[in-house]
Amino acid sequence: MIALIEAAGWPIWPLIIASILALAIIFERFYTLRRDQIIPPSLLKSTLEGLGRGGMDANAMRSLAEGSPLGRILAAGIRNLNSSRDIMKESLEETGRAVAHDLGRYLTALGTIASVAPLMGLLGTVIGMVEIFGAQTPTGSNPAALAHGISVALYNTAFGLIVAIPSMIFYRYFRSRVDAFLTEMEQQAIMLVEIVHGERK
């Protein structure tokens, strides 16, 4: 590995840093975006049962809001339980936007790495080509400098693609996962509004 880095030259270091950041984001998002942590099973049902037993006290509301993103949305609706349907729905939408922002955390950085890594590899390629041309002299070429320039050009191009391809795959995967969570949470929030206002049993 050390020999590969030495052959690729200094342009590979930004790519190594980008790959470490991408891996950190991927592992963090896998841990955070777990379904049972985002949308706990039967949370809406247990919340409605709690309301049916006479409401929820401050401790129950705090526990609901801090337990999961879905609970945070449902708690926002319950706080406006005695308001009109429109006000309750507006509070749910505001909290939903904040939850969407939290669920999408770091995904922009991952997408940026996926987009920039090939360009960083291309930069290394250009630097390698400059070294190749710099190795040409009127009396002939320097084989060692020529070989080093080719190594810099090829290794950086390859490593840029190695970083970019998985980063883009996981960016798309996490983005679609977040969208699916948001759609399901929106459906459950609408169900809460309709049940509370007697539009659904």
# chains A, B, ... in the order shown; residues from 1 in each chain; ligands from 1

$ residues_around --residues "range 169-184 of chain A" --least-positions-apart "6" --cutoff "8 Å" --atoms "only C-alpha atoms" --output "PyMOL selection string"
chain A and resi 26+29+33+35+38-39+96+100+103-104+107+110-111

$ write_last_selection --atoms "N, CA and C atoms" --output "compact mmCIF listing (two decimals), in the first residue's frame"
# COMPACT_ATOMS: atom_id res chain seq x y z
N ILE A 26 -20.69 6.93 5.31
CA ILE A 26 -21.47 5.73 4.97
C ILE A 26 -21.76 4.92 6.22
N ARG A 29 -24.30 6.86 8.47
CA ARG A 29 -25.67 6.85 7.93
C ARG A 29 -26.30 5.47 8.04
N LEU A 33 -29.72 5.63 10.01
CA LEU A 33 -30.94 5.45 9.22
C LEU A 33 -31.46 4.02 9.32
N ARG A 35 -34.52 1.60 10.32
CA ARG A 35 -35.97 1.77 10.29
C ARG A 35 -36.57 1.81 11.70
N ILE A 38 -36.02 5.21 13.19
CA ILE A 38 -36.70 6.34 12.54
C ILE A 38 -38.21 6.22 12.70
N ILE A 39 -38.75 5.04 12.38
CA ILE A 39 -40.20 4.81 12.45
C ILE A 39 -40.43 3.58 13.32
N GLY A 96 -41.83 18.35 10.16
CA GLY A 96 -41.41 17.40 9.13
C GLY A 96 -40.24 17.92 8.32
N ALA A 100 -36.66 16.15 8.06
CA ALA A 100 -36.08 15.84 6.74
C ALA A 100 -34.65 16.35 6.65
N LEU A 103 -32.45 13.99 8.73
CA LEU A 103 -32.24 12.69 8.10
C LEU A 103 -31.28 12.78 6.91
N GLY A 104 -31.26 13.93 6.25
CA GLY A 104 -30.37 14.11 5.10
C GLY A 104 -29.00 14.62 5.46
N LEU A 107 -25.41 13.82 3.69
CA LEU A 107 -25.60 13.25 2.35
C LEU A 107 -25.08 14.20 1.27
N LEU A 110 -21.46 13.58 1.01
CA LEU A 110 -21.18 12.33 0.32
C LEU A 110 -21.37 12.50 -1.19
N GLY A 111 -22.43 13.21 -1.59
CA GLY A 111 -22.64 13.47 -3.01
C GLY A 111 -21.54 14.34 -3.60

$ residues_around --residues "Arg85 in chain A" --least-positions-apart "5" --cutoff "10 Å" --atoms "only C-alpha atoms" --output "PyMOL selection string"
chain A and resi 77+80+90+193-194+196-197

$ select_by_dssp --residues "chain A" --states "strand (DSSP E)" --output "NGL selection string"
:A and (136-137 or 140-141)

$ residues_around --residues "Pro40 in chain A" --least-positions-apart "4" --cutoff "8 Å" --atoms "only C-alpha atoms" --output "number ranges by chain"
A: 35-36, 68, 70

$ write_last_selection --atoms "C-alpha atoms" --output "PDB file, in the first residue's frame"
ATOM      1  CA  ARG A  35     -35.969   1.770  10.294  1.00  0.00           C
ATOM      2  CA  ASP A  36     -36.745   0.860  13.910  1.00  0.00           C
ATOM      3  CA  SER A  68     -37.571   9.026  17.273  1.00  0.00           C
ATOM      4  CA  LEU A  70     -41.611  10.041  13.823  1.00  0.00           C
TER       5      LEU A  70
END

$ closest_residue --among "A:Gly50, A:Gly55, A:Pro41, A:Gly124" --to "Leu81 in chain A" --atoms "only C-alpha atoms"
A:Gly55

$ residues_around --residues "Thr112 in chain A" --least-positions-apart "5" --cutoff "10 Å" --atoms "only C-alpha atoms" --output "number ranges by chain"
A: 18, 22, 106-107, 117, 164, 167-168, 171
